[in-house]
$ cat entry_5.txt   # compact mmCIF, C-alpha atoms
# COMPACT_ATOMS: atom_id res chain seq x y z
CA MET A 1 -1.44 -29.52 45.27
CA SER A 2 -1.98 -33.25 44.96
CA ALA A 3 0.85 -35.75 44.66
CA HIS A 4 -0.15 -36.36 41.06
CA GLU A 5 0.09 -32.65 40.20
CA ASN A 6 3.46 -32.41 41.91
CA SER A 7 4.87 -35.37 39.98
CA ALA A 8 3.67 -33.78 36.73
CA ALA A 9 5.56 -30.58 37.56
CA THR A 10 8.80 -32.41 38.35
CA PRO A 11 9.44 -35.40 36.12
CA PRO A 12 11.15 -38.39 37.73
CA PHE A 13 14.91 -38.63 37.47
CA LEU A 14 15.89 -41.07 34.72
CA MET A 15 19.11 -43.03 35.01
CA THR A 16 20.23 -42.93 31.39
CA ALA A 17 23.57 -44.20 30.10
CA PRO A 18 25.10 -40.67 29.99
CA VAL A 19 23.90 -40.01 33.55
CA ARG A 20 25.40 -43.33 34.67
CA ALA A 21 28.72 -42.17 33.22
CA VAL A 22 28.64 -38.67 34.73
CA LEU A 23 27.41 -39.30 38.29
CA PRO A 24 30.53 -41.23 39.37
CA GLU A 25 32.72 -38.49 37.88
CA LEU A 26 30.88 -35.87 39.93
CA GLN A 27 31.38 -38.03 43.01
CA ARG A 28 35.09 -38.70 42.44
CA GLU A 29 37.20 -36.96 45.08
CA PHE A 30 34.27 -34.77 46.14
CA GLY A 31 35.48 -32.43 48.86
CA SER A 32 39.17 -32.94 48.17
CA ARG A 33 39.51 -32.13 44.45
CA ALA A 34 40.24 -28.86 42.69
CA PRO A 35 37.41 -26.48 43.61
CA PHE A 36 35.93 -26.00 40.13
CA VAL A 37 33.82 -28.69 38.48
CA LEU A 38 32.44 -28.09 35.00
CA LEU A 39 29.27 -29.88 33.92
CA THR A 40 28.73 -29.39 30.20
CA GLY A 41 26.17 -30.49 27.64
CA ASP A 42 23.84 -29.22 24.99
CA ALA A 43 20.96 -26.92 25.88
CA GLY A 44 18.06 -28.98 27.18
CA SER A 45 20.24 -32.02 27.90
CA GLY A 46 19.39 -32.02 31.62
CA ARG A 47 22.57 -30.59 33.16
CA SER A 48 20.66 -28.63 35.83
CA TRP A 49 18.50 -31.66 36.54
CA LEU A 50 21.58 -33.85 36.90
CA ALA A 51 23.24 -31.30 39.21
CA SER A 52 20.14 -31.24 41.41
CA GLU A 53 20.01 -35.03 41.56
CA TRP A 54 23.69 -35.24 42.47
CA ILE A 55 23.23 -32.66 45.24
CA GLU A 56 20.21 -34.59 46.55
CA ARG A 57 22.23 -37.82 46.60
CA ASN A 58 24.94 -36.04 48.61
CA SER A 59 22.61 -34.14 50.94
CA GLU A 60 24.47 -35.37 54.03
CA ARG A 61 27.79 -33.99 52.77
CA VAL A 62 26.93 -30.85 50.84
CA VAL A 63 25.81 -27.38 51.88
CA PRO A 64 24.59 -25.99 48.54
CA VAL A 65 23.89 -22.45 47.45
CA VAL A 66 22.61 -21.70 43.97
CA LEU A 67 24.02 -18.45 42.67
CA ALA A 68 21.37 -16.06 41.39
CA ASP A 69 20.97 -15.68 37.63
CA PRO A 70 22.21 -13.24 36.55
CA ALA A 71 25.11 -13.54 38.95
CA PRO A 72 26.04 -10.48 40.99
CA ALA A 73 28.85 -8.27 39.76
CA ALA A 74 32.31 -9.51 40.72
CA SER A 75 32.67 -6.82 43.39
CA LEU A 76 29.44 -8.04 45.05
CA LEU A 77 29.91 -11.78 44.66
CA ALA A 78 31.49 -12.56 48.06
CA GLY A 79 28.81 -10.51 49.81
CA ALA A 80 26.04 -12.28 47.90
CA LEU A 81 27.49 -15.69 48.79
CA LEU A 82 27.80 -14.65 52.42
CA THR A 83 24.14 -13.62 52.43
CA SER A 84 23.14 -16.93 50.83
CA PHE A 85 25.15 -19.12 53.19
CA GLN A 86 23.89 -17.12 56.19
CA ASP A 87 20.26 -17.37 55.07
CA GLY A 88 19.63 -13.74 54.29
CA ALA A 89 22.07 -11.87 56.52
CA GLU A 90 22.83 -8.27 55.63
CA VAL A 91 24.97 -7.78 52.52
CA VAL A 92 28.56 -6.73 53.17
CA ALA A 93 29.68 -4.39 50.40
CA ASP A 94 33.45 -4.46 50.99
CA GLN A 95 34.85 -7.36 48.96
CA VAL A 96 37.73 -8.23 51.31
CA ILE A 97 35.60 -8.07 54.45
CA ALA A 98 32.81 -10.05 52.76
CA THR A 99 35.27 -12.78 51.75
CA GLU A 100 36.67 -13.00 55.29
CA HIS A 101 33.18 -13.19 56.79
CA LEU A 102 32.18 -15.79 54.19
CA LEU A 103 35.15 -17.99 55.05
CA ASP A 104 34.54 -17.55 58.79
CA THR A 105 30.89 -18.50 58.28
CA LEU A 106 31.76 -21.56 56.22
CA ALA A 107 34.51 -22.70 58.56
CA GLY A 108 32.16 -22.43 61.52
CA SER A 109 28.95 -23.74 60.04
CA ILE A 110 29.40 -26.38 57.39
CA GLY A 111 30.80 -29.01 59.75
CA VAL A 112 33.42 -31.71 59.43
CA GLY A 113 33.10 -33.84 56.33
CA ARG A 114 30.72 -31.39 54.64
CA VAL A 115 31.46 -29.25 51.59
CA ALA A 116 30.17 -25.76 50.81
CA LEU A 117 29.00 -25.91 47.20
CA VAL A 118 28.23 -22.95 44.98
CA VAL A 119 26.11 -23.99 42.00
CA VAL A 120 26.30 -21.67 39.01
CA ASP A 121 23.54 -22.60 36.59
CA ASP A 122 24.08 -21.15 33.12
CA ALA A 123 27.70 -20.43 34.03
CA ASP A 124 28.36 -19.44 30.43
CA ARG A 125 26.59 -16.15 31.22
CA MET A 126 29.26 -15.15 33.74
CA ASP A 127 31.94 -12.71 32.65
CA ASP A 128 35.67 -13.07 33.24
CA ALA A 129 35.64 -10.79 36.29
CA GLN A 130 32.95 -12.89 37.99
CA LEU A 131 34.81 -16.14 37.27
CA LEU A 132 38.08 -14.65 38.52
CA GLU A 133 36.35 -13.53 41.72
CA LEU A 134 34.98 -17.04 42.28
CA GLY A 135 38.54 -18.29 41.77
CA ARG A 136 39.85 -15.79 44.32
CA ILE A 137 37.23 -16.93 46.84
CA ALA A 138 38.07 -20.59 46.15
CA ASP A 139 41.80 -19.90 46.62
CA ALA A 140 41.09 -18.15 49.92
CA ALA A 141 38.98 -21.13 51.03
CA ILE A 142 41.80 -23.53 50.18
CA ALA A 143 44.27 -21.40 52.14
CA ARG A 144 41.91 -21.53 55.15
CA HIS A 145 41.27 -25.30 54.75
CA VAL A 146 37.58 -24.73 54.12
CA ALA A 147 35.91 -27.44 52.00
CA PHE A 148 34.56 -25.36 49.11
CA GLU A 149 33.59 -26.27 45.55
CA VAL A 150 32.00 -24.49 42.62
CA LEU A 151 29.82 -26.46 40.21
CA LEU A 152 29.66 -24.64 36.88
CA VAL A 153 26.67 -25.89 34.91

$ encode --input "entry_5.txt" --output "structure tokens"
Amino acid sequence: MSAHENSAATPPFLMTAPVRAVLPELQREFGSRAPFVLLTGDAGSGRSWLASEWIERNSERVVPVVLADPAPAASLLAGALLTSFQDGAEVVADQVIATEHLLDTLAGSIGVGRVALVVVDDADRMDDAQLLELGRIADAAIARHVAFEVLLV
């Protein structure tokens, strides 16, 4: 694929007035704030694009994982995140064990000053059980002093 074809597939990031307002808010207290960040906007407004740009700008500090769409069932969420953060390791079915292994993996691999980030695109498709499970994982990360955030887009 030529450079021209590639640029046609991915339009350049445009620094619009709304983006100028949102980017600093995404940056504020990154890594030390409450673990859930909600990025809202109308369909087609560029939320996913903005999230990708923000992650790119923070590539030195963030270890991102994009949650599959549709997201796994709540009982499988910790195992799916573990697999994603370990680059395809075997899925652990037991929720408690998967959460412990996930936190051990993150504590040992993300490094000082870096933040594990779970990106949930189309977060409005998640059910209450899935969101509660993400909250449980985030609470466990806080208790273990693991830098962990969830970006709900």

$ closest_residue --input "entry_5.txt" --among "A:Glu25, A:Glu100, A:Trp54, A:Leu151" --to "Leu131 (chain A)" --atoms "all atoms listed in the file"
A:Leu151

$ closest_residue --input "entry_5.txt" --among "A:Leu132, A:Ala123, A:Val62, A:Ala43" --to "Phe30 (chain A)" --atoms "all atoms listed in the file"
A:Val62

$ residues_near_point --input "entry_5.txt" --point "(16.4, -27.9, 32.2)" --cutoff "12 Å" --atoms "all atoms listed in the file" --output "PyMOL selection string"
chain A and resi 10-11+41-52+121-122+153

$ write_last_selection --input "entry_5.txt" --atoms "C-alpha atoms" --output "tab-separated table (two decimals), keeping the file's coordinate frame"
chain	number	residue	atom	x	y	z
A	10	THR	CA	8.80	-32.41	38.35
A	11	PRO	CA	9.44	-35.40	36.12
A	41	GLY	CA	26.17	-30.49	27.64
A	42	ASP	CA	23.84	-29.22	24.99
A	43	ALA	CA	20.96	-26.92	25.88
A	44	GLY	CA	18.06	-28.98	27.18
A	45	SER	CA	20.24	-32.02	27.90
A	46	GLY	CA	19.39	-32.02	31.62
A	47	ARG	CA	22.57	-30.59	33.16
A	48	SER	CA	20.66	-28.63	35.83
A	49	TRP	CA	18.50	-31.66	36.54
A	50	LEU	CA	21.58	-33.85	36.90
A	51	ALA	CA	23.24	-31.30	39.21
A	52	SER	CA	20.14	-31.24	41.41
A	121	ASP	CA	23.54	-22.60	36.59
A	122	ASP	CA	24.08	-21.15	33.12
A	153	VAL	CA	26.67	-25.89	34.91

$ atom_distance --input "entry_5.txt" --atom1 "CA of Arg144 (chain A)" --atom2 "CA of Arg57 (chain A)"
26.9 Å

$ closest_residue --input "entry_5.txt" --among "A:Val92, A:Leu152, A:Met126, A:Ala147" --to "Asp69 (chain A)" --atoms "only C-alpha atoms"
A:Met126

$ residues_around --input "entry_5.txt" --residues "Ser75 (chain A)" --least-positions-apart "6" --cutoff "9 Å" --atoms "all atoms listed in the file" --output "list in words"
Ala93, Asp94, Gln95, Ala129, Gln130 and Glu133 of chain A

$ atom_distance --input "entry_5.txt" --atom1 "CA of Ile137 (chain A)" --atom2 "CA of Val112 (chain A)"
19.8 Å

$ atom_distance --input "entry_5.txt" --atom1 "CA of Ala68 (chain A)" --atom2 "CA of Arg33 (chain A)"
24.4 Å
